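Next comes target-v3.txt, with compact mmCIF, C-alpha atoms.
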```txt
# COMPACT_ATOMS: atom_id res chain seq x y z
CA MET A 1 0.00 0.00 0.00
CA LYS A 2 2.88 2.33 0.77
CA GLU A 3 4.27 1.78 -2.75
CA LEU A 4 0.96 2.91 -4.28
CA SER A 5 1.04 6.01 -2.13
CA ASN A 6 4.61 6.74 -3.24
CA LEU A 7 3.59 6.26 -6.89
CA ALA A 8 0.68 8.66 -6.47
CA ILE A 9 2.93 11.26 -4.85
CA SER A 10 5.53 10.82 -7.59
CA SER A 11 2.90 11.11 -10.32
CA ASN A 12 1.47 14.27 -8.77
CA GLU A 13 4.94 15.79 -8.47
CA LYS A 14 5.58 15.06 -12.18
CA ARG A 15 2.27 16.71 -13.06
CA GLU A 16 3.12 19.77 -10.98
CA GLN A 17 6.55 19.98 -12.65
CA ARG A 18 4.89 19.90 -16.07
CA ILE A 19 2.51 22.68 -15.02
CA MET A 20 5.47 24.75 -13.75
CA LEU A 21 7.28 24.18 -17.06
CA LEU A 22 4.12 25.18 -18.94
CA ARG A 23 3.98 28.41 -16.90
CA ALA A 24 7.68 29.11 -17.53
CA LYS A 25 7.32 28.64 -21.28
CA TYR A 26 4.14 30.73 -21.28
CA ASN A 27 6.04 33.56 -19.57
CA ASP A 28 8.89 33.11 -22.07
CA GLU A 29 6.40 33.60 -24.94
CA LYS A 30 7.13 30.09 -26.25
CA TYR A 31 3.52 29.08 -25.64
CA ASN A 32 0.62 31.37 -26.42
CA THR A 33 -2.04 28.85 -27.38
CA VAL A 34 -3.07 25.33 -26.47
CA GLU A 35 -2.07 24.38 -30.01
CA ASP A 36 1.49 25.70 -29.43
CA VAL A 37 1.86 23.35 -26.46
CA VAL A 38 0.32 20.36 -28.23
CA ASN A 39 2.57 20.85 -31.28
CA ASP A 40 5.71 21.27 -29.17
CA THR A 41 5.13 18.53 -26.60
CA GLY A 42 2.85 15.96 -28.16
CA TYR A 43 0.50 16.04 -25.18
CA THR A 44 -3.18 15.98 -26.00
CA ASP A 45 -5.38 19.04 -26.19
CA LYS A 46 -7.39 17.73 -23.24
CA THR A 47 -4.28 17.26 -21.07
CA VAL A 48 -2.90 20.72 -21.90
CA ARG A 49 -6.27 22.32 -21.12
CA LYS A 50 -6.41 20.53 -17.76
CA TRP A 51 -2.90 21.69 -16.86
CA ALA A 52 -3.73 25.26 -17.94
CA ILE A 53 -6.82 25.23 -15.72
CA ASP A 54 -5.01 23.64 -12.76
CA GLY A 55 -2.04 25.99 -13.17
CA ASN A 56 -4.25 29.04 -13.80
CA ILE A 57 -2.42 29.71 -17.08
CA PRO A 58 -4.44 31.75 -19.61
CA LEU A 59 -3.52 29.93 -22.82
CA ILE A 60 -5.65 30.73 -25.84
CA ASP A 61 -7.89 27.98 -27.21
CA THR A 62 -9.10 27.32 -30.77
CA ASN A 63 -11.98 29.80 -30.28
CA ASN A 64 -9.45 32.57 -29.54
CA GLN A 65 -10.60 32.63 -25.90
CA THR A 66 -8.40 32.14 -22.86
CA ILE A 67 -8.76 28.83 -21.00
CA VAL A 68 -8.94 30.75 -17.71
CA PRO A 69 -9.66 34.48 -17.33
CA ILE A 70 -6.58 36.71 -17.27
CA THR A 71 -6.06 38.23 -13.83
CA PHE A 72 -3.28 40.15 -12.12
CA GLU A 73 -2.14 36.88 -10.49
CA ASN A 74 -1.89 34.83 -13.67
CA LYS A 75 -0.92 37.33 -16.35
CA ARG A 76 2.24 36.72 -18.33
CA VAL A 77 5.41 37.92 -16.63
CA ILE A 78 7.99 38.53 -19.33
CA ASN A 79 11.67 38.49 -18.48
CA MET A 80 12.76 41.53 -20.50
CA HIS A 81 16.42 40.49 -20.51
CA LYS A 82 15.50 37.11 -21.98
CA ARG A 83 13.14 38.73 -24.49
CA GLN A 84 15.94 41.02 -25.65
CA GLU A 85 18.22 38.01 -26.10
CA HIS A 86 15.57 36.40 -28.31
CA ILE A 87 15.12 39.61 -30.30
CA ASN A 88 18.90 39.86 -30.77
CA GLN A 89 18.95 36.27 -32.04
CA LEU A 90 16.08 37.08 -34.42
CA ARG A 91 17.90 40.20 -35.63
CA LYS A 92 21.06 38.16 -36.26
CA LEU A 93 19.13 35.50 -38.22
CA PHE A 94 17.48 38.09 -40.42
CA TYR A 95 20.38 40.42 -41.10
CA SER A 96 22.77 37.53 -41.78
CA LYS A 97 20.16 36.22 -44.25
CA GLN A 98 19.93 32.84 -42.47
CA ALA A 99 16.17 33.27 -42.27
CA ILE A 100 14.19 36.15 -43.77
CA THR A 101 10.57 35.11 -43.28
CA SER A 102 8.60 34.94 -40.07
CA LYS A 103 7.94 31.26 -40.73
CA SER A 104 11.61 30.35 -41.27
CA CYS A 105 12.66 32.32 -38.18
CA ALA A 106 9.97 30.58 -36.14
CA LYS A 107 11.27 27.23 -37.31
CA LYS A 108 14.92 28.06 -36.56
CA MET A 109 14.18 29.63 -33.17
CA ARG A 110 11.48 27.08 -32.25
CA TYR A 111 8.99 29.74 -31.23
CA PRO A 112 5.47 30.34 -32.54
CA GLU A 113 5.31 32.51 -35.62
CA LYS A 114 3.04 35.00 -33.81
CA THR A 115 5.75 35.52 -31.18
CA ILE A 116 8.39 36.03 -33.87
CA ILE A 117 6.18 38.61 -35.60
CA LYS A 118 5.64 40.44 -32.31
CA TRP A 119 9.40 40.57 -31.64
CA ALA A 120 10.09 41.75 -35.20
CA PHE A 121 7.49 44.49 -34.78
CA LEU A 122 8.96 45.57 -31.42
CA ASP A 123 12.47 45.85 -32.86
CA LYS A 124 11.40 47.12 -36.31
CA ILE A 125 12.89 44.11 -38.12
CA PRO A 126 11.37 43.92 -41.63
CA LEU A 127 10.84 40.15 -41.67
CA LEU A 128 8.68 38.96 -44.53
CA LEU A 129 5.25 37.57 -43.75
CA SER A 130 3.65 34.70 -45.67
CA ASN A 131 1.99 37.25 -48.00
CA GLY A 132 5.44 38.63 -48.94
CA LYS A 133 4.99 41.93 -47.09
CA PRO A 134 7.37 43.01 -44.32
CA VAL A 135 6.25 43.06 -40.67
CA VAL A 136 7.31 46.71 -40.53
CA PRO A 137 8.01 49.09 -43.41
CA LEU A 138 11.49 48.95 -44.87
CA THR A 139 13.48 52.11 -44.05
CA GLU A 140 17.10 53.21 -44.38
CA GLU A 141 17.57 52.37 -40.67
CA ASN A 142 16.32 48.78 -40.84
CA LYS A 143 17.23 47.86 -44.42
CA PRO A 144 19.59 44.86 -44.50
CA ASP A 145 22.85 45.08 -46.46
CA TRP A 146 21.80 42.24 -48.76
CA ILE A 147 18.88 44.20 -50.28
```
If you convert what's in this file into structure tokens, what do you get?
Amino acid sequence: MKELSNLAISSNEKREQRIMLLRAKYNDEKYNTVEDVVNDTGYTDKTVRKWAIDGNIPLIDTNNQTIVPITFENKRVINMHKRQEHINQLRKLFYSKQAITSKSCAKKMRYPEKTIIKWAFLDKIPLLLSNGKPVVPLTEENKPDWI
């Protein structure tokens, strides 16, 4: 009986660790939607939703609604230093011509395309969208050398 109790405790600890990791990646802008988590981890939609509810993490579902309401306690807390590191990496990818579209940058950086677009907008990086238009207008200040 004690072994079953230990297994239950261990299983619950694993679940709590996964919820903490989900929260960390949500704060890091790696996960915005339930679909982002499902695609990255392979866990089912139902499992991710349950963790989001239990962890009070306002991921966005397929109806563009948050799983739980956004409150002061559960809103995203972005580490600005880490965000700047990501933006610098994005800038390097684009200006070195390693990746010039939002989709290719998302693939290389392993972040959702929406996050990549947001970072490009914040730093005025003229990444190309799927329709061929830049995220921000091309100017003398942000024009890459290779154009």
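Of the residues listed (A:Glu140, A:Asp145, A:Glu16, A:Asp36), A:Asp145 shows the shortest atom-to-atom separation from Tyr95 (chain A); distances use all atoms listed in the file.
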Worksheet item: What's the 9 Å shell around Arg49 (chain A), counting all atoms listed in the file, without same-chain residues fewer than 6 positions away, as a ChimeraX atom specification?
Response: /A:34,59,61,67
Discussion item. Under the rule that all atoms listed in the file are counted, which of A:Val68, A:Val77, A:Ala120, A:Val136 is the nearest residue to Asn27 (chain A)?
Written reply: A:Val77
Item to complete: Using all atoms listed in the file, find the one residue out of A:Thr66, A:Trp146, A:Lys103, A:Met109 that sits nearest to Ser130 (chain A).
Response: A:Lys103
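Proximity to Lys92 (chain A) was assessed for A:Ile125, A:Tyr43, A:Leu22, A:Met80 counting all atoms listed in the file; the smallest distance is recorded for A:Ile125.
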Discussion item. Which residues are close to Lys82 (chain A), i.e. within 12 Å by only C-alpha atoms, leaving aside same-chain residues fewer than 2 positions away? Reply as a PyMOL selection string.
Written reply: chain A and resi 25+27-30+77-80+84-89+119
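Residue nearest Asp54 (chain A) within the list A:Tyr111, A:Asn39, A:Lys118, A:Ile19: A:Ile19 [criterion: smallest interatomic distance, only C-alpha atoms].
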Practice prompt. Find the residues around Glu73 (chain A) up to 12 Å (all atoms listed in the file counted), leave out those fewer than 4 positions away in its own chain, and share them as a list in words.
Written response: Gly55, Asn56, Ile57, Pro58, Val68, Pro69 and Val77 of chain A
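Among the candidates A:Ala52, A:Thr33, A:Lys46, A:Asn63, the one nearest to Leu21 (chain A) when counting all atoms listed in the file is A:Ala52.
With CA of Cys105 (chain A) on one side and CA of Phe121 (chain A) on the other, the separation reads 13.7 Å.
For the pair CA of Ile60 (chain A) and CA of Lys133 (chain A), the interatomic distance is 26.3 Å.
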Practice prompt. Quick one: pull the distance between CA of Asp123 (chain A) and CA of Arg91 (chain A), Å, one decimal.
Written response: 8.3 Å
Taking the structure I provided as the source, export region 89-101 of chain A with all heavy atoms, as a compact mmCIF listing (two decimals), in the first residue's frame.
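out.txt, written as the output of this step:
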```txt
# COMPACT_ATOMS: atom_id res chain seq x y z
N GLN A 89 18.77 37.48 -31.23
CA GLN A 89 18.95 36.27 -32.04
C GLN A 89 18.15 36.38 -33.34
O GLN A 89 18.64 36.03 -34.42
CB GLN A 89 18.52 35.04 -31.25
CG GLN A 89 18.71 33.75 -31.99
CD GLN A 89 18.20 32.53 -31.22
OE1 GLN A 89 17.63 32.64 -30.14
NE2 GLN A 89 18.38 31.37 -31.79
N LEU A 90 16.93 36.88 -33.25
CA LEU A 90 16.08 37.08 -34.42
C LEU A 90 16.74 38.09 -35.38
O LEU A 90 16.81 37.85 -36.59
CB LEU A 90 14.70 37.58 -33.99
CG LEU A 90 13.71 37.95 -35.09
CD1 LEU A 90 13.40 36.74 -35.96
CD2 LEU A 90 12.43 38.51 -34.47
N ARG A 91 17.22 39.17 -34.84
CA ARG A 91 17.90 40.20 -35.63
C ARG A 91 19.10 39.59 -36.38
O ARG A 91 19.30 39.82 -37.57
CB ARG A 91 18.35 41.32 -34.70
CG ARG A 91 19.12 42.43 -35.35
CD ARG A 91 19.41 43.53 -34.34
NE ARG A 91 18.28 44.45 -34.27
CZ ARG A 91 18.00 45.35 -35.20
NH1 ARG A 91 18.75 45.46 -36.27
NH2 ARG A 91 16.97 46.15 -35.07
N LYS A 92 19.88 38.80 -35.66
CA LYS A 92 21.06 38.16 -36.26
C LYS A 92 20.65 37.22 -37.40
O LYS A 92 21.27 37.22 -38.47
CB LYS A 92 21.83 37.39 -35.18
CG LYS A 92 23.10 36.76 -35.67
CD LYS A 92 23.83 36.05 -34.55
CE LYS A 92 25.05 35.33 -35.08
NZ LYS A 92 25.68 34.52 -34.06
N LEU A 93 19.61 36.41 -37.17
CA LEU A 93 19.13 35.50 -38.22
C LEU A 93 18.74 36.26 -39.47
O LEU A 93 19.09 35.87 -40.59
CB LEU A 93 17.92 34.70 -37.71
CG LEU A 93 18.15 33.50 -36.84
CD1 LEU A 93 16.81 32.95 -36.34
CD2 LEU A 93 18.90 32.42 -37.60
N PHE A 94 17.98 37.34 -39.28
CA PHE A 94 17.48 38.09 -40.42
C PHE A 94 18.59 38.83 -41.15
O PHE A 94 18.72 38.71 -42.36
CB PHE A 94 16.39 39.08 -39.97
CG PHE A 94 15.87 39.92 -41.09
CD1 PHE A 94 15.01 39.37 -42.03
CD2 PHE A 94 16.25 41.25 -41.23
CE1 PHE A 94 14.53 40.13 -43.08
CE2 PHE A 94 15.77 42.02 -42.28
CZ PHE A 94 14.92 41.47 -43.20
N TYR A 95 19.37 39.59 -40.44
CA TYR A 95 20.38 40.42 -41.10
C TYR A 95 21.55 39.62 -41.68
O TYR A 95 22.23 40.10 -42.58
CB TYR A 95 20.86 41.54 -40.17
CG TYR A 95 19.81 42.62 -40.04
CD1 TYR A 95 18.99 42.70 -38.93
CD2 TYR A 95 19.60 43.53 -41.08
CE1 TYR A 95 18.01 43.68 -38.83
CE2 TYR A 95 18.62 44.49 -41.00
CZ TYR A 95 17.81 44.57 -39.87
OH TYR A 95 16.83 45.52 -39.79
N SER A 96 21.74 38.39 -41.18
CA SER A 96 22.77 37.53 -41.78
C SER A 96 22.18 36.69 -42.92
O SER A 96 22.87 35.86 -43.51
CB SER A 96 23.38 36.62 -40.72
OG SER A 96 22.42 35.70 -40.27
N LYS A 97 20.90 36.88 -43.17
CA LYS A 97 20.16 36.22 -44.25
C LYS A 97 20.03 34.70 -44.04
O LYS A 97 19.81 33.95 -44.98
CB LYS A 97 20.80 36.53 -45.61
CG LYS A 97 19.85 36.42 -46.77
CD LYS A 97 20.52 36.82 -48.08
CE LYS A 97 19.58 36.66 -49.24
NZ LYS A 97 20.20 37.00 -50.51
N GLN A 98 20.13 34.26 -42.78
CA GLN A 98 19.93 32.84 -42.47
C GLN A 98 18.46 32.48 -42.54
O GLN A 98 18.11 31.35 -42.83
CB GLN A 98 20.49 32.51 -41.08
CG GLN A 98 21.99 32.62 -40.99
CD GLN A 98 22.45 32.37 -39.57
OE1 GLN A 98 21.98 31.45 -38.91
NE2 GLN A 98 23.37 33.19 -39.10
N ALA A 99 17.62 33.46 -42.20
CA ALA A 99 16.17 33.27 -42.27
C ALA A 99 15.56 34.66 -42.47
O ALA A 99 15.83 35.56 -41.67
CB ALA A 99 15.65 32.62 -40.99
N ILE A 100 14.73 34.81 -43.50
CA ILE A 100 14.19 36.15 -43.77
C ILE A 100 12.67 36.23 -43.65
O ILE A 100 12.11 37.30 -43.74
CB ILE A 100 14.64 36.67 -45.15
CG1 ILE A 100 14.12 35.79 -46.28
CG2 ILE A 100 16.16 36.79 -45.21
CD1 ILE A 100 14.30 36.38 -47.66
N THR A 101 12.02 35.09 -43.45
CA THR A 101 10.57 35.11 -43.28
C THR A 101 10.21 34.79 -41.83
O THR A 101 10.99 34.15 -41.12
CB THR A 101 9.87 34.07 -44.19
OG1 THR A 101 10.26 32.76 -43.79
CG2 THR A 101 10.23 34.30 -45.66
```
